[in-house]
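**Student:** Mind having a look at this structure? Questions to follow.
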Amino acid sequence: MASALFIAVLLTLAAVVALASDPGPLQDFCVADNASQVLVNGFVCKNPMKVDANDFFFSGLNKPGNTHNKVGSNVTTVNVDKIGGLNTLGISLVRIDYAPYGQNPPHTHPRATEILTVIEGTLHVGFVTSNPQNRLIFKVLNAGDVFVFPVGLIHFQFNPGHENAVAVAALSSQNPGVITIANAVFGSNPKIDDGILAKAFQVDKKVIDDLQSQFWTDNNN
């Protein structure tokens, strides 16, 4: 398991370097200075003379995430917030753990393409193309399989098995962002008018009210 995870991380990171969407660095590195009050597109550079190995280091990706939640999955994110040295490098990494029948629900990354490698178990994955076709591109993946989710498109993963599943994914941004569709639509703060959503989804307002009550509570607890 450990060696497979290590190999997968190397392969996914190598692939994403070629796909990086963030602006390229103009120096060897620009470690994020989280103490700075200056607002820029990204992070201000830390004094390079004060940079050390810990600015490029994260420990713990070998540890399973807690999947005891409503969707049965957990995403361990390694982005610029976790490794300051990723600033300006246009790359990040996640580990995703799935309980049996757990899912990483439909979501998008507004700033990144994602390349996912299954380490353990089986996953049903897919993405939906943009309007007007809205085609579902779908595949069943097993350990060692790799799949790409194009930037900005809604995508998902589902574990159909009786055992846990694990995947590692690299993304072409230091801060890809994530918009979980149901949370954003039904759990926004303030709430989107239920009449607008009822018409959009062609359902009764009560259905929308029930969904908003559930997701709004989840998002704001």
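Chains: A, B, ... in order of the structure tokens. Residues: from 1 per chain. Ligands: from 1, in order shown.
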Can you tell me, as a list of chain:residue names, what residues are no more than 6 Å from segment 59-69 of chain A when counting only C-alpha atoms, ignoring any on the same chain fewer than 5 positions away?
**Tutor:**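 The residues satisfying every condition are A:Asn74, A:Asp97, A:Ala99.
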**Student:** I'd like to know which of A:Gly102, A:Gly126, A:Gly187, A:Gly177 is closest to Asn164 of chain A, using only C-alpha atoms.
**Tutor:**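 So, comparing all the options, the nearest one is A:Gly102.
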**Student:** For Gly90 of chain A, which residue among A:Ile179, A:Ala165, A:Cys30, A:Ile208 is the nearest when counting only C-alpha atoms?
**Tutor:**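 Between A:Ile179, A:Ala165, A:Cys30, A:Ile208, the residue approaching Gly90 of chain A most closely is A:Cys30.
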**Student:** Using backbone DSSP assignments, extract all strand (DSSP E) residues from segment 123-221 of chain A; output them as number ranges by chain.
**Tutor:** A: 123-128, 136-142, 146-149, 154-158, 165-171, 179-180
**Student:** With N, CA and C atoms kept, could you save the residues just selected as a JSON list (two decimals), in the first residue's frame?
**Tutor:**
[["chain", "number", "residue", "atom", "x", "y", "z"],
["A", 123, "LEU", "N", -13.67, 2.29, -8.27],
["A", 123, "LEU", "CA", -14.43, 3.53, -8.29],
["A", 123, "LEU", "C", -15.20, 3.67, -9.60],
["A", 124, "HIS", "N", -16.44, 4.12, -9.50],
["A", 124, "HIS", "CA", -17.18, 4.59, -10.67],
["A", 124, "HIS", "C", -16.97, 6.10, -10.74],
["A", 125, "VAL", "N", -16.42, 6.59, -11.84],
["A", 125, "VAL", "CA", -16.10, 8.02, -11.96],
["A", 125, "VAL", "C", -16.69, 8.56, -13.25],
["A", 126, "GLY", "N", -16.88, 9.87, -13.27],
["A", 126, "GLY", "CA", -17.36, 10.47, -14.49],
["A", 126, "GLY", "C", -17.40, 11.98, -14.42],
["A", 127, "PHE", "N", -17.56, 12.60, -15.59],
["A", 127, "PHE", "CA", -17.77, 14.04, -15.65],
["A", 127, "PHE", "C", -18.81, 14.33, -16.72],
["A", 128, "VAL", "N", -19.41, 15.53, -16.62],
["A", 128, "VAL", "CA", -20.45, 15.94, -17.55],
["A", 128, "VAL", "C", -19.95, 17.11, -18.38],
["A", 136, "LEU", "N", -22.47, 12.56, -20.33],
["A", 136, "LEU", "CA", -21.80, 11.92, -19.21],
["A", 136, "LEU", "C", -20.67, 11.04, -19.74],
["A", 137, "ILE", "N", -19.45, 11.37, -19.36],
["A", 137, "ILE", "CA", -18.27, 10.56, -19.71],
["A", 137, "ILE", "C", -17.95, 9.74, -18.47],
["A", 138, "PHE", "N", -18.08, 8.42, -18.57],
["A", 138, "PHE", "CA", -18.15, 7.55, -17.39],
["A", 138, "PHE", "C", -17.19, 6.37, -17.53],
["A", 139, "LYS", "N", -16.59, 5.95, -16.42],
["A", 139, "LYS", "CA", -15.65, 4.82, -16.46],
["A", 139, "LYS", "C", -15.60, 4.13, -15.11],
["A", 140, "VAL", "N", -15.42, 2.81, -15.12],
["A", 140, "VAL", "CA", -15.16, 2.05, -13.89],
["A", 140, "VAL", "C", -13.65, 1.86, -13.76],
["A", 141, "LEU", "N", -13.11, 2.29, -12.64],
["A", 141, "LEU", "CA", -11.66, 2.23, -12.41],
["A", 141, "LEU", "C", -11.32, 1.23, -11.32],
["A", 142, "ASN", "N", -10.20, 0.55, -11.52],
["A", 142, "ASN", "CA", -9.65, -0.35, -10.51],
["A", 142, "ASN", "C", -8.26, 0.13, -10.10],
["A", 146, "VAL", "N", -5.99, 5.29, -14.09],
["A", 146, "VAL", "CA", -5.86, 6.76, -14.03],
["A", 146, "VAL", "C", -6.97, 7.38, -14.86],
["A", 147, "PHE", "N", -7.52, 8.50, -14.37],
["A", 147, "PHE", "CA", -8.59, 9.19, -15.09],
["A", 147, "PHE", "C", -8.41, 10.69, -14.94],
["A", 148, "VAL", "N", -8.76, 11.44, -15.99],
["A", 148, "VAL", "CA", -8.60, 12.89, -15.99],
["A", 148, "VAL", "C", -9.96, 13.57, -15.99],
["A", 149, "PHE", "N", -10.09, 14.60, -15.14],
["A", 149, "PHE", "CA", -11.29, 15.44, -15.10],
["A", 149, "PHE", "C", -10.89, 16.83, -15.60],
["A", 154, "ILE", "N", -18.20, 19.46, -14.08],
["A", 154, "ILE", "CA", -18.76, 18.73, -12.94],
["A", 154, "ILE", "C", -18.32, 17.28, -13.02],
["A", 155, "HIS", "N", -17.82, 16.75, -11.92],
["A", 155, "HIS", "CA", -17.36, 15.37, -11.90],
["A", 155, "HIS", "C", -17.61, 14.74, -10.52],
["A", 156, "PHE", "N", -17.42, 13.43, -10.43],
["A", 156, "PHE", "CA", -17.74, 12.70, -9.20],
["A", 156, "PHE", "C", -16.98, 11.38, -9.18],
["A", 157, "GLN", "N", -16.93, 10.77, -7.99],
["A", 157, "GLN", "CA", -16.43, 9.41, -7.83],
["A", 157, "GLN", "C", -17.34, 8.69, -6.84],
["A", 158, "PHE", "N", -17.55, 7.39, -7.07],
["A", 158, "PHE", "CA", -18.41, 6.57, -6.22],
["A", 158, "PHE", "C", -17.78, 5.21, -6.00],
["A", 165, "ALA", "N", -12.08, 2.25, -0.44],
["A", 165, "ALA", "CA", -11.31, 2.59, -1.63],
["A", 165, "ALA", "C", -10.47, 3.83, -1.32],
["A", 166, "VAL", "N", -9.33, 3.94, -2.03],
["A", 166, "VAL", "CA", -8.42, 5.07, -1.84],
["A", 166, "VAL", "C", -7.94, 5.54, -3.20],
["A", 167, "ALA", "N", -7.89, 6.86, -3.37],
["A", 167, "ALA", "CA", -7.34, 7.44, -4.60],
["A", 167, "ALA", "C", -6.45, 8.62, -4.25],
["A", 168, "VAL", "N", -5.51, 8.90, -5.14],
["A", 168, "VAL", "CA", -4.68, 10.10, -5.03],
["A", 168, "VAL", "C", -4.87, 10.90, -6.31],
["A", 169, "ALA", "N", -5.02, 12.20, -6.18],
["A", 169, "ALA", "CA", -5.21, 13.04, -7.36],
["A", 169, "ALA", "C", -4.31, 14.26, -7.28],
["A", 170, "ALA", "N", -3.78, 14.66, -8.42],
["A", 170, "ALA", "CA", -3.02, 15.90, -8.53],
["A", 170, "ALA", "C", -3.85, 16.89, -9.33],
["A", 171, "LEU", "N", -3.71, 18.16, -8.99],
["A", 171, "LEU", "CA", -4.49, 19.21, -9.63],
["A", 171, "LEU", "C", -3.56, 20.32, -10.11],
["A", 179, "ILE", "N", -16.22, 23.49, -5.70],
["A", 179, "ILE", "CA", -17.63, 23.87, -5.56],
["A", 179, "ILE", "C", -18.44, 22.58, -5.61],
["A", 180, "THR", "N", -18.95, 22.15, -4.47],
["A", 180, "THR", "CA", -19.83, 20.99, -4.43],
["A", 180, "THR", "C", -21.22, 21.45, -4.84]]
**Student:** Using DSSP on the backbone, list every residue of segment 40-210 of chain A that comes out as helix (DSSP H, G or I), and give them as a tab-separated table (two decimals) with N, CA, C and O atoms, in the first residue's frame.
**Tutor:**
chain	number	residue	atom	x	y	z
A	48	PRO	N	13.46	34.70	1.02
A	48	PRO	CA	14.09	33.42	0.66
A	48	PRO	C	15.19	32.99	1.63
A	48	PRO	O	15.48	31.80	1.74
A	49	MET	N	15.80	33.93	2.32
A	49	MET	CA	16.85	33.58	3.27
A	49	MET	C	16.27	32.96	4.54
A	49	MET	O	17.00	32.40	5.35
A	50	LYS	N	14.94	33.07	4.72
A	50	LYS	CA	14.30	32.48	5.88
A	50	LYS	C	13.55	31.19	5.54
A	50	LYS	O	12.87	30.61	6.39
A	53	ALA	N	13.51	23.62	4.72
A	53	ALA	CA	12.88	22.42	4.14
A	53	ALA	C	11.43	22.26	4.55
A	53	ALA	O	10.61	21.72	3.79
A	54	ASN	N	11.06	22.73	5.73
A	54	ASN	CA	9.69	22.58	6.19
A	54	ASN	C	8.70	23.36	5.34
A	54	ASN	O	7.50	23.06	5.34
A	55	ASP	N	9.18	24.36	4.61
A	55	ASP	CA	8.30	25.12	3.73
A	55	ASP	C	7.90	24.33	2.48
A	55	ASP	O	7.03	24.77	1.73
A	56	PHE	N	8.54	23.18	2.27
A	56	PHE	CA	8.25	22.34	1.11
A	56	PHE	C	7.79	20.94	1.53
A	56	PHE	O	7.83	20.01	0.72
A	84	GLY	N	3.61	25.91	1.95
A	84	GLY	CA	3.81	27.26	1.42
A	84	GLY	C	4.67	27.31	0.18
A	84	GLY	O	4.53	28.20	-0.65
A	85	GLY	N	5.55	26.31	0.03
A	85	GLY	CA	6.43	26.26	-1.13
A	85	GLY	C	5.72	26.00	-2.44
A	85	GLY	O	6.32	26.14	-3.50
A	86	LEU	N	4.43	25.62	-2.39
A	86	LEU	CA	3.67	25.42	-3.63
A	86	LEU	C	3.28	26.74	-4.29
A	86	LEU	O	2.87	26.74	-5.46
A	181	ILE	N	-21.76	20.88	-5.88
A	181	ILE	CA	-22.94	21.43	-6.53
A	181	ILE	C	-24.13	21.55	-5.58
A	181	ILE	O	-24.75	22.61	-5.45
A	182	ALA	N	-24.48	20.47	-4.89
A	182	ALA	CA	-25.64	20.50	-4.01
A	182	ALA	C	-25.44	21.50	-2.87
A	182	ALA	O	-26.36	22.26	-2.53
A	183	ASN	N	-24.24	21.52	-2.29
A	183	ASN	CA	-23.97	22.46	-1.20
A	183	ASN	C	-24.09	23.90	-1.66
A	183	ASN	O	-24.62	24.75	-0.94
A	184	ALA	N	-23.57	24.19	-2.85
A	184	ALA	CA	-23.58	25.56	-3.36
A	184	ALA	C	-25.00	26.02	-3.70
A	184	ALA	O	-25.39	27.15	-3.38
A	185	VAL	N	-25.78	25.13	-4.33
A	185	VAL	CA	-27.11	25.53	-4.79
A	185	VAL	C	-28.10	25.58	-3.64
A	185	VAL	O	-28.88	26.54	-3.52
A	186	PHE	N	-28.07	24.56	-2.78
A	186	PHE	CA	-29.08	24.47	-1.73
A	186	PHE	C	-28.58	24.95	-0.36
A	186	PHE	O	-29.38	25.14	0.55
A	194	ASP	N	-36.41	30.30	-3.18
A	194	ASP	CA	-36.91	28.97	-3.48
A	194	ASP	C	-37.73	28.93	-4.76
A	194	ASP	O	-37.79	27.90	-5.44
A	195	GLY	N	-38.34	30.06	-5.14
A	195	GLY	CA	-39.08	30.10	-6.40
A	195	GLY	C	-38.17	29.95	-7.60
A	195	GLY	O	-38.51	29.31	-8.59
A	196	ILE	N	-36.97	30.57	-7.50
A	196	ILE	CA	-36.00	30.46	-8.60
A	196	ILE	C	-35.55	29.02	-8.75
A	196	ILE	O	-35.50	28.47	-9.87
A	197	LEU	N	-35.23	28.38	-7.65
A	197	LEU	CA	-34.76	27.00	-7.71
A	197	LEU	C	-35.88	26.04	-8.09
A	197	LEU	O	-35.63	25.05	-8.81
A	198	ALA	N	-37.09	26.29	-7.62
A	198	ALA	CA	-38.21	25.42	-7.97
A	198	ALA	C	-38.44	25.42	-9.49
A	198	ALA	O	-38.69	24.38	-10.10
A	199	LYS	N	-38.34	26.60	-10.09
A	199	LYS	CA	-38.51	26.69	-11.54
A	199	LYS	C	-37.33	26.06	-12.27
A	199	LYS	O	-37.51	25.36	-13.28
A	200	ALA	N	-36.12	26.28	-11.76
A	200	ALA	CA	-34.92	25.72	-12.40
A	200	ALA	C	-34.94	24.20	-12.40
A	200	ALA	O	-34.57	23.55	-13.39
A	201	PHE	N	-35.36	23.61	-11.27
A	201	PHE	CA	-35.35	22.15	-11.13
A	201	PHE	C	-36.71	21.52	-11.44
A	201	PHE	O	-36.82	20.29	-11.39
A	205	LYS	N	-41.96	23.97	-4.55
A	205	LYS	CA	-41.16	24.77	-3.62
A	205	LYS	C	-40.85	24.03	-2.33
A	205	LYS	O	-39.80	24.23	-1.73
A	206	LYS	N	-41.77	23.16	-1.89
A	206	LYS	CA	-41.54	22.44	-0.63
A	206	LYS	C	-40.31	21.54	-0.73
A	206	LYS	O	-39.57	21.38	0.24
A	207	VAL	N	-40.12	20.96	-1.91
A	207	VAL	CA	-38.92	20.12	-2.11
A	207	VAL	C	-37.67	20.97	-1.95
A	207	VAL	O	-36.71	20.57	-1.28
A	208	ILE	N	-37.69	22.16	-2.54
A	208	ILE	CA	-36.55	23.08	-2.42
A	208	ILE	C	-36.35	23.50	-0.97
A	208	ILE	O	-35.21	23.53	-0.47
A	209	ASP	N	-37.44	23.84	-0.29
A	209	ASP	CA	-37.35	24.28	1.11
A	209	ASP	C	-36.73	23.20	1.98
A	209	ASP	O	-35.90	23.47	2.85
A	210	ASP	N	-37.13	21.95	1.74
A	210	ASP	CA	-36.58	20.83	2.52
A	210	ASP	C	-35.09	20.66	2.25
A	210	ASP	O	-34.29	20.45	3.18
**Student:** Nearest to Phe43 of chain A among A:Asn220, A:Asn87, A:Ser188, A:Thr108, with distances taken over only C-alpha atoms: which residue is it?
**Tutor:**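 Nearest candidate to Phe43 of chain A out of A:Asn220, A:Asn87, A:Ser188, A:Thr108: A:Asn87.
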**Student:** Neighbours of Gly144 of chain A within 7 Å (only C-alpha atoms; same-chain residues fewer than 4 positions away dropped), as a PyMOL selection string?
**Tutor:** chain A and resi 117-119
**Student:** Quick one: residues within 7 Å of Leu89 of chain A, only C-alpha atoms counted, chain neighbours fewer than 3 positions away excluded, as a list of chain:residue names?
**Tutor:**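 Final neighbour list, sorted by chain and number: A:Gly24, A:Pro25, A:Leu86, A:Gln174.
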**Student:** For the selection just defined, write its residues with all heavy atoms to a file, as a compact mmCIF listing (two decimals), in the first residue's frame.
**Tutor:**
# COMPACT_ATOMS: atom_id res chain seq x y z
N GLY A 24 3.40 31.11 -14.08
CA GLY A 24 4.68 30.49 -13.77
C GLY A 24 5.53 31.34 -12.86
O GLY A 24 5.41 32.57 -12.84
N PRO A 25 6.42 30.71 -12.08
CA PRO A 25 7.29 31.46 -11.18
C PRO A 25 8.35 32.24 -11.97
O PRO A 25 8.78 31.83 -13.04
CB PRO A 25 7.93 30.37 -10.32
CG PRO A 25 7.90 29.14 -11.18
CD PRO A 25 6.65 29.25 -11.99
N LEU A 86 4.43 25.62 -2.39
CA LEU A 86 3.67 25.42 -3.63
C LEU A 86 3.28 26.74 -4.29
O LEU A 86 2.87 26.74 -5.46
CB LEU A 86 2.39 24.62 -3.34
CG LEU A 86 2.56 23.13 -3.03
CD1 LEU A 86 1.23 22.51 -2.66
CD2 LEU A 86 3.16 22.41 -4.23
N GLN A 174 -2.15 25.61 -7.46
CA GLN A 174 -1.76 25.58 -6.05
C GLN A 174 -2.98 25.71 -5.15
O GLN A 174 -2.95 25.34 -3.98
CB GLN A 174 -0.80 26.73 -5.74
CG GLN A 174 -1.43 28.12 -5.84
CD GLN A 174 -0.44 29.23 -5.57
OE1 GLN A 174 0.71 29.16 -6.01
NE2 GLN A 174 -0.86 30.25 -4.84
**Student:** Have a look at A:Gln212, A:Gln27, A:Asn134, A:Asn79 and name the one nearest to Ser172 of chain A; count only C-alpha atoms.
**Tutor:**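 Comparing A:Gln212, A:Gln27, A:Asn134, A:Asn79 against Ser172 of chain A, the winner is A:Asn79.
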**Student:** Hey, which of A:Ser213, A:Asn41, A:Asn34, A:Asn189 ends up closest to Thr88 of chain A? Count only C-alpha atoms.
**Tutor:**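 That would be A:Asn41, the residue with the smallest distance to Thr88 of chain A.
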